[in-house]
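One structure is given below, encoded as structure tokens.
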Amino acid sequence: MVRLNSTIHRAVVPFEPRDEGKVGIYVCGPTVQSEPHVGHGRSAVAFDVIRRYLAWRGFDVTYVRNVTDIEDKIIAAAAEAGESVDVLAVRMAERFANGYKALGVVEPDIEPKATEHIPEIIELIQTLIDRGLAYAAGGDVYFSVRADERYGRLSGRKPDELRAGYRIEVGESKHDPLDFTLWKGAKPGEPWWDSPWGPGRPGWHIECSAMASKYLGDGFDIHGGGTDLIFPHHENEIAQSEGASGETFAKYWLHNGMVNLGGEKMAKSTGVLVDLASIAEKHGGRPLRLLFLRAHYRSPIEYSDELLAEAEDALDRLQRFRDRVTAGEPDAGALNRFREMMDDDFATPEAVSLLFDLVRDGNRLLDDGGDASAIAGAVEEIVGVLGLDDASLPAETALDLGDLAARHGLAGGGPEVIDQLIRLRAKAREERRFDDADAIREGLEEAGVILEDGPDGTRWLRR
RNA sequence: GGCGACGUGGCCGAGUGGUUAGGCGCGGGUCUGCAAAACCCGUCACACCGGUUCGAUUCCGGUCGUCGCCUCCA
């Protein structure tokens, strides 16, 4: 039985999907205003693992992750860059797609864009107006927070406690400072769509309500996103969707923790961030994916180059084991342990620890001449569910072995000379010319090729 | 001020009412011509103060501290 820590339940609860065997998941995707950073990657990986695990557990998963491609910040960024809103949005959406791919995030089944769902959004807003939960004023449409008696059920913030700190911005026509925008009347030069309330664009919160119910139904199973979205975004989604349909919106709410840098939340607005693309390019996405997996998805994590390097070392250890042995039928006990851990709110840190337990057990077995194929099978299975292999490795830099090869009387400078050099070194070792042997090993190491001598001869790996 | 999360060894980071998490680093050992890899041993942790208990790092209360949200944010 899968159990999950649902924000709205404020507890770890058994997962009981609305339709047995099926799971609908909606995750808030990015606002494509600028380059993705590590924090965006973490959220994507967190829910990617949840999705993969539920599928592995036999659920038929429908996974929806939206793209917010119209929003104030995008309009501002486009104006600054001197390009149109849609060109910037498409360009940035592609950057996000590349980042997700490097991290091994499986593409959503459906990836709806706000700008392609304007009719659905308008219809939803109209329903809210008809039901007395929203009103048009001054070209805008607002949601009446006071009209929703249960407002605050997710975040625990009650309207009376929220009052202080809210203001009505100049130019807004809200009846109450708590009300939030459903439809924003267009200002000159801004993108707009026709609506019953005049030209304008959707507010941020309404698009998720409209798209989630379109693809998953008025009620579905799991809604995900970062903890920073709990209030007001997710609170407002609930108010809108449940206000319009009268049904429970998402049954479970899952929230991933933030990525901190130097103890402070990584965010575009503060400029405290590490660009996802630069890491993927330099290190590949795999170490970062493991770094995420080593912490529970709800916990805040710290990012640093040192931590990334540690993850790289751990991956090397894992890979060496995988190279040592051919995987067979997975060890059932290991998979049972994995399932127990992951059933408990997707405890990936424990799963990672199990993975390295298995590596040690397997290595020990191999050292003693035993058969580790079942352990290796379990390792492969777990690696697969965690999606590590789908994340990218760093691009290999070109080998430059020309000088070294020439020094040893060989032609060429590519990977093919490595085997020849290893043979030369073996000969030198046989003849106990260890200085010559070591010179070859050191030469290769300088070029980024590591040699390891084992009982079955010498093997090499890139580093 | 309000709401929420959290404080674990040199570092990262799980977990538990009484018995080894795991990774990285460091020290020692096995193997090896040497190294690397692998394995073994060690590095004897749970913010502070009370309480419950035969026994608490684990439960309860308080103190201090950190982080997030309360405006856009994964």
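Chain lettering (A, B, ...) mirrors the order of the structure tokens, residue numbering begins at 1 for each chain separately, and ligand numbering begins at 1 in order of display.
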
Practice item. Within region 273-321 of chain A, find each residue whose DSSP state, derived from the backbone, is alpha helix (DSSP H), and express the selection as a VMD selection string. Key: chain A and resid 276 to 283 286 to 293 305 to 321

Exercise for review: Could you please select, counting only C-alpha atoms (C1' of nucleotides), the residues of chain B within 10 Å of chain A and state them as a count of residues only?
Suggested key: 32

Exercise for review: Find the spatial neighbours of region 185-189 of chain A, counting only C-alpha atoms (C1' of nucleotides), within a cut-off of 6 Å - ignore same-chain residues fewer than 6 positions away - and output them as a list in words.
Suggested key: Gly139, Asp140, Pro199 and Gly200 of chain A

Please produce a file of those selected residues containing N, CA, C and O atoms, as a PDB file, in the first residue's frame.
ATOM      1  N   GLY A 139     -12.967  45.906 -16.588  1.00  0.00           N
ATOM      2  CA  GLY A 139     -12.244  45.144 -17.612  1.00  0.00           C
ATOM      3  C   GLY A 139     -11.546  43.911 -17.070  1.00  0.00           C
ATOM      4  O   GLY A 139     -11.068  43.072 -17.821  1.00  0.00           O
ATOM      5  N   ASP A 140     -11.469  43.789 -15.730  1.00  0.00           N
ATOM      6  CA  ASP A 140     -10.881  42.603 -15.096  1.00  0.00           C
ATOM      7  C   ASP A 140     -12.012  41.714 -14.566  1.00  0.00           C
ATOM      8  O   ASP A 140     -13.158  42.159 -14.436  1.00  0.00           O
ATOM      9  N   PRO A 199     -11.110  42.650 -24.129  1.00  0.00           N
ATOM     10  CA  PRO A 199      -9.824  42.026 -24.455  1.00  0.00           C
ATOM     11  C   PRO A 199      -8.942  41.907 -23.214  1.00  0.00           C
ATOM     12  O   PRO A 199      -8.930  42.803 -22.370  1.00  0.00           O
ATOM     13  N   GLY A 200      -8.241  40.783 -23.135  1.00  0.00           N
ATOM     14  CA  GLY A 200      -7.375  40.606 -21.963  1.00  0.00           C
ATOM     15  C   GLY A 200      -6.689  39.260 -21.995  1.00  0.00           C
ATOM     16  O   GLY A 200      -6.578  38.622 -23.038  1.00  0.00           O
TER      17      GLY A 200
END

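Shortest separation to G65 (chain B) among B:G17, B:G29, B:G7, B:G51 occurs at residue B:G7, atoms counted being only C-alpha atoms (C1' of nucleotides).
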
Exercise for review: For CA of Asp69 (chain A) and CA of Ile125 (chain A), quote the distance in Å rounded to one decimal.
Suggested key: 18.9 Å

Check your understanding: Please, which residues of region 176-309 of chain A, numbered as in this document, come out strand (DSSP E or B) from DSSP, as a ChimeraX atom specification?
Key -> /A:180-185,193,200-202,220-226,250-256,259-261,264-265,267,272,275,301-302

With N, CA and C atoms kept, could you save the residues just selected as an mmCIF file, in the first residue's frame?
data_model
loop_
_atom_site.group_PDB
_atom_site.id
_atom_site.type_symbol
_atom_site.label_atom_id
_atom_site.label_comp_id
_atom_site.auth_asym_id
_atom_site.auth_seq_id
_atom_site.Cartn_x
_atom_site.Cartn_y
_atom_site.Cartn_z
ATOM 1 N N PHE A 180 -8.570 37.790 -5.987
ATOM 2 C CA PHE A 180 -7.472 37.651 -6.941
ATOM 3 C C PHE A 180 -7.993 37.616 -8.375
ATOM 4 N N THR A 181 -7.103 37.912 -9.300
ATOM 5 C CA THR A 181 -7.481 38.117 -10.689
ATOM 6 C C THR A 181 -7.716 36.805 -11.430
ATOM 7 N N LEU A 182 -8.827 36.738 -12.114
ATOM 8 C CA LEU A 182 -9.096 35.599 -13.005
ATOM 9 C C LEU A 182 -8.820 36.000 -14.448
ATOM 10 N N TRP A 183 -9.199 37.212 -14.773
ATOM 11 C CA TRP A 183 -9.013 37.743 -16.129
ATOM 12 C C TRP A 183 -8.494 39.172 -16.004
ATOM 13 N N LYS A 184 -7.462 39.441 -16.761
ATOM 14 C CA LYS A 184 -6.781 40.724 -16.651
ATOM 15 C C LYS A 184 -6.982 41.510 -17.940
ATOM 16 N N GLY A 185 -7.653 42.643 -17.869
ATOM 17 C CA GLY A 185 -7.864 43.465 -19.052
ATOM 18 C C GLY A 185 -6.530 43.892 -19.654
ATOM 19 N N TRP A 193 -6.672 38.423 -25.748
ATOM 20 C CA TRP A 193 -7.671 37.573 -26.384
ATOM 21 C C TRP A 193 -9.034 38.198 -26.101
ATOM 22 N N GLY A 200 -8.241 40.783 -23.135
ATOM 23 C CA GLY A 200 -7.375 40.606 -21.963
ATOM 24 C C GLY A 200 -6.689 39.260 -21.995
ATOM 25 N N ARG A 201 -6.203 38.840 -20.825
ATOM 26 C CA ARG A 201 -5.500 37.565 -20.739
ATOM 27 C C ARG A 201 -5.835 36.904 -19.397
ATOM 28 N N PRO A 202 -5.630 35.603 -19.310
ATOM 29 C CA PRO A 202 -5.986 34.925 -18.053
ATOM 30 C C PRO A 202 -5.026 35.271 -16.923
ATOM 31 N N PHE A 220 -9.515 14.649 -9.448
ATOM 32 C CA PHE A 220 -8.490 13.678 -9.835
ATOM 33 C C PHE A 220 -7.643 13.349 -8.620
ATOM 34 N N ASP A 221 -6.510 12.664 -8.822
ATOM 35 C CA ASP A 221 -5.827 12.079 -7.679
ATOM 36 C C ASP A 221 -4.761 12.952 -7.026
ATOM 37 N N ILE A 222 -3.730 13.283 -7.801
ATOM 38 C CA ILE A 222 -2.574 13.945 -7.190
ATOM 39 C C ILE A 222 -2.273 15.254 -7.887
ATOM 40 N N HIS A 223 -2.083 16.301 -7.074
ATOM 41 C CA HIS A 223 -1.626 17.579 -7.607
ATOM 42 C C HIS A 223 -0.279 17.886 -6.964
ATOM 43 N N GLY A 224 0.695 18.218 -7.792
ATOM 44 C CA GLY A 224 2.032 18.497 -7.273
ATOM 45 C C GLY A 224 2.525 19.884 -7.629
ATOM 46 N N GLY A 225 3.604 20.256 -6.959
ATOM 47 C CA GLY A 225 4.241 21.544 -7.221
ATOM 48 C C GLY A 225 5.203 21.859 -6.089
ATOM 49 N N GLY A 226 5.889 22.966 -6.179
ATOM 50 C CA GLY A 226 6.817 23.375 -5.124
ATOM 51 C C GLY A 226 6.081 23.897 -3.907
ATOM 52 N N ALA A 250 -8.210 18.113 -6.437
ATOM 53 C CA ALA A 250 -7.230 17.031 -6.282
ATOM 54 C C ALA A 250 -7.445 16.376 -4.922
ATOM 55 N N LYS A 251 -7.380 15.041 -4.901
ATOM 56 C CA LYS A 251 -7.581 14.321 -3.645
ATOM 57 C C LYS A 251 -6.351 14.461 -2.747
ATOM 58 N N TYR A 252 -5.155 14.403 -3.357
ATOM 59 C CA TYR A 252 -3.907 14.509 -2.599
ATOM 60 C C TYR A 252 -3.057 15.642 -3.151
ATOM 61 N N TRP A 253 -2.381 16.354 -2.242
ATOM 62 C CA TRP A 253 -1.491 17.442 -2.646
ATOM 63 C C TRP A 253 -0.076 17.132 -2.179
ATOM 64 N N LEU A 254 0.835 17.099 -3.141
ATOM 65 C CA LEU A 254 2.235 16.795 -2.832
ATOM 66 C C LEU A 254 3.100 18.005 -3.172
ATOM 67 N N HIS A 255 4.016 18.337 -2.270
ATOM 68 C CA HIS A 255 4.853 19.519 -2.507
ATOM 69 C C HIS A 255 6.325 19.223 -2.304
ATOM 70 N N ASN A 256 7.118 19.610 -3.284
ATOM 71 C CA ASN A 256 8.563 19.408 -3.166
ATOM 72 C C ASN A 256 9.224 20.598 -2.472
ATOM 73 N N VAL A 259 15.276 24.341 -3.321
ATOM 74 C CA VAL A 259 16.725 24.200 -3.400
ATOM 75 C C VAL A 259 17.338 25.504 -2.900
ATOM 76 N N ASN A 260 18.214 25.379 -1.920
ATOM 77 C CA ASN A 260 18.877 26.566 -1.379
ATOM 78 C C ASN A 260 20.311 26.659 -1.889
ATOM 79 N N LEU A 261 20.772 27.876 -1.917
ATOM 80 C CA LEU A 261 22.148 28.134 -2.317
ATOM 81 C C LEU A 261 22.725 29.059 -1.255
ATOM 82 N N GLU A 264 20.063 30.147 1.176
ATOM 83 C CA GLU A 264 18.952 30.980 0.742
ATOM 84 C C GLU A 264 18.258 30.333 -0.444
ATOM 85 N N LYS A 265 16.962 30.476 -0.523
ATOM 86 C CA LYS A 265 16.190 29.866 -1.589
ATOM 87 C C LYS A 265 16.665 30.321 -2.962
ATOM 88 N N ALA A 267 16.147 31.386 -6.490
ATOM 89 C CA ALA A 267 15.015 31.978 -7.204
ATOM 90 C C ALA A 267 15.479 33.044 -8.165
ATOM 91 N N VAL A 272 19.665 34.578 -6.824
ATOM 92 C CA VAL A 272 20.425 33.504 -6.206
ATOM 93 C C VAL A 272 20.087 32.227 -6.952
ATOM 94 N N ASP A 275 22.267 28.002 -12.926
ATOM 95 C CA ASP A 275 21.673 27.694 -14.198
ATOM 96 C C ASP A 275 21.715 26.184 -14.463
ATOM 97 N N ILE A 301 16.817 21.363 0.214
ATOM 98 C CA ILE A 301 18.185 20.896 0.056
ATOM 99 C C ILE A 301 19.096 22.049 -0.308
ATOM 100 N N GLU A 302 20.358 21.834 0.007
ATOM 101 C CA GLU A 302 21.376 22.808 -0.326
ATOM 102 C C GLU A 302 22.069 22.333 -1.603
#

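The two atoms in question, CA of Leu401 (chain A) and CA of Leu461 (chain A), are spaced 14.4 Å apart.
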
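With CA of His234 (chain A) on one side and CA of Leu54 (chain A) on the other, the separation reads 22.9 Å.
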